[in-house]
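Quick notes on the structure that follows.
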Amino acid sequence: SPAPPAADPDALSMEPDHQFTFAELRPHIESLASEHGTDPQVMAGIVQQESTWHNYRVHLDGTGHGLVGLDDHGLLPDFERWSGLTVGRGADAEVIPPALQLAYLAKTLKSYMRRYGSAYNAARAWHRGEGSWHDAQGHHYEQLIRAHIAAHYRPG
């Protein structure tokens, strides 16, 4: 099928802790998934699991950030290198542009898919890291992503 039209990244709010809807983010998820060759359903499941569509400046755990749960001691440093942004940590953290987070998620999932063979294995690596993606917590995360997809994602 043809690639979805590119979504306007400037149309997404930069308000701290903004609550998006799936309908608002879906065009961006699908466009970026198509551009990077990854699974839009898995991307949507990760965003649902990590933030329930909130662009948190700082998650309640004090270390996660944004729509995709970029952790201080996880993928956030890599995101900062890739994007050129300095997000900050804890109470000093900045709001991360939503479209940039989704682009990073799509790019990273594609890379993990190449290494680990499927979008679900890529989701496990996103959550657990490359050394632990195949453990019980990785399996549990995959089940959560599958449940979100079944409950919320409808093609079209």
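Simple scheme: letters A, B, ... for chains in structure tokens order, numbers from 1 for residues in each chain, numbers from 1 for ligands in the order shown.
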
Hey, what's within 7 Å of A:His36 if we count only C-alpha atoms and toss same-chain stuff fewer than 3 positions away? As JSON, numbers by chain, please? {"A": [32, 33, 106, 107, 110]}

May I have the residues from that selection written out with all heavy atoms, as a CSV table (one decimal), in the first residue's frame?
```
chain,number,residue,atom,x,y,z
A,32,LEU,N,6.1,8.0,10.0
A,32,LEU,CA,7.5,7.6,10.4
A,32,LEU,C,7.8,6.2,10.3
A,32,LEU,O,8.9,5.8,9.9
A,32,LEU,CB,7.8,8.2,11.8
A,32,LEU,CG,7.9,9.7,11.8
A,32,LEU,CD1,7.7,10.2,13.2
A,32,LEU,CD2,9.2,10.2,11.2
A,33,ALA,N,6.8,5.3,10.6
A,33,ALA,CA,7.0,3.9,10.5
A,33,ALA,C,7.3,3.5,9.0
A,33,ALA,O,8.1,2.7,8.7
A,33,ALA,CB,5.8,3.1,11.0
A,106,ALA,N,11.1,5.1,15.7
A,106,ALA,CA,11.0,4.4,14.4
A,106,ALA,C,12.4,4.0,14.0
A,106,ALA,O,12.6,2.8,13.6
A,106,ALA,CB,10.3,5.3,13.4
A,107,LYS,N,13.4,4.9,14.0
A,107,LYS,CA,14.7,4.5,13.6
A,107,LYS,C,15.3,3.4,14.5
A,107,LYS,O,15.9,2.5,14.0
A,107,LYS,CB,15.6,5.8,13.7
A,107,LYS,CG,17.1,5.6,13.6
A,107,LYS,CD,17.9,6.7,14.3
A,107,LYS,CE,18.2,6.5,15.7
A,107,LYS,NZ,19.2,5.5,16.1
A,110,LYS,N,13.7,0.0,13.9
A,110,LYS,CA,14.2,-0.6,12.6
A,110,LYS,C,15.6,-1.3,12.8
A,110,LYS,O,15.8,-2.4,12.4
A,110,LYS,CB,14.3,0.4,11.5
A,110,LYS,CG,14.8,-0.1,10.2
A,110,LYS,CD,14.0,-1.2,9.6
A,110,LYS,CE,14.5,-1.6,8.3
A,110,LYS,NZ,13.8,-2.7,7.8
```

Which residues in stretch 16-106 of chain A does DSSP call alpha helix (DSSP H)? List them as a ChimeraX atom specification. /A:22-36,40-51,76-83,98-106

Write the residues of the preceding selection, restricted to C-alpha atoms, as a compact mmCIF listing (two decimals), in the first residue's frame.
```txt
# COMPACT_ATOMS: atom_id res chain seq x y z
CA PHE A 22 -4.07 8.35 19.46
CA ALA A 23 -5.88 10.12 16.60
CA GLU A 24 -3.49 13.09 16.89
CA LEU A 25 -0.35 10.93 16.92
CA ARG A 26 -1.43 8.21 14.50
CA PRO A 27 -0.55 10.10 11.28
CA HIS A 28 2.94 10.81 12.64
CA ILE A 29 3.44 7.22 13.79
CA GLU A 30 2.31 5.78 10.47
CA SER A 31 4.32 8.22 8.38
CA LEU A 32 7.53 7.65 10.36
CA ALA A 33 7.03 3.88 10.48
CA SER A 34 6.66 3.88 6.69
CA GLU A 35 9.70 6.11 6.25
CA HIS A 36 11.90 3.93 8.47
CA PRO A 40 3.32 1.30 13.14
CA GLN A 41 1.24 -0.93 15.39
CA VAL A 42 4.22 -1.81 17.57
CA MET A 43 5.22 1.87 17.67
CA ALA A 44 1.70 2.80 18.81
CA GLY A 45 1.74 0.02 21.40
CA ILE A 46 5.02 1.32 22.82
CA VAL A 47 3.73 4.89 23.07
CA GLN A 48 0.55 3.62 24.77
CA GLN A 49 2.57 1.54 27.23
CA GLU A 50 5.24 4.11 27.98
CA SER A 51 3.10 7.22 28.36
CA LEU A 76 18.00 9.12 26.60
CA PRO A 77 21.77 9.68 26.19
CA ASP A 78 21.65 8.02 22.75
CA PHE A 79 18.62 10.12 21.81
CA GLU A 80 20.51 13.28 22.84
CA ARG A 81 23.52 12.31 20.70
CA TRP A 82 21.29 11.46 17.74
CA SER A 83 19.08 14.57 18.00
CA PRO A 98 6.98 14.74 20.11
CA ALA A 99 7.75 14.22 16.41
CA LEU A 100 11.45 13.89 17.16
CA GLN A 101 10.74 11.20 19.76
CA LEU A 102 8.60 9.27 17.31
CA ALA A 103 11.30 9.52 14.62
CA TYR A 104 13.88 8.20 17.09
CA LEU A 105 11.55 5.36 18.08
CA ALA A 106 11.00 4.40 14.42
```

Would you kindly return, as an MDAnalysis selection string, each protein, DNA or RNA residue with an atom no farther than 6 Å from any atom of stretch 63-69 of chain A, considering only C-alpha atoms and excluding same-chain residues fewer than 2 positions away? chainID A and resid 47 50:51 54:59 61 71:72

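Shortest separation to A:Trp126 among A:Ser13, A:Thr38, A:Thr108, A:Gln19 occurs at residue A:Thr108, atoms counted being only C-alpha atoms.
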
Name the closest residue to A:Arg128 among the candidates A:Ile96, A:Arg154, A:Tyr116, A:Tyr141; distances are taken between atoms, counting only C-alpha atoms. A:Tyr141

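Between atom CA of A:Tyr153 and atom CA of A:His139 there is a distance of 20.3 Å.
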
For A:Ala125, please output as a VMD selection string all residues within 12 Å (counting only C-alpha atoms; exclusion window: fewer than 5 positions along the same chain). chain A and resid 46 74 to 75 105 108 to 120 130 to 135 137 to 139 141 to 142

I need the residues in chain A that are strand (DSSP E) according to DSSP; give them as a ChimeraX atom specification. /A:18-19,54-55,64-65,70-71

To one decimal place in Å, what is the distance between atom CA of A:Ala11 and atom CA of A:Gly88?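 Separating atom CA of A:Ala11 from atom CA of A:Gly88 is a distance of 23.9 Å.
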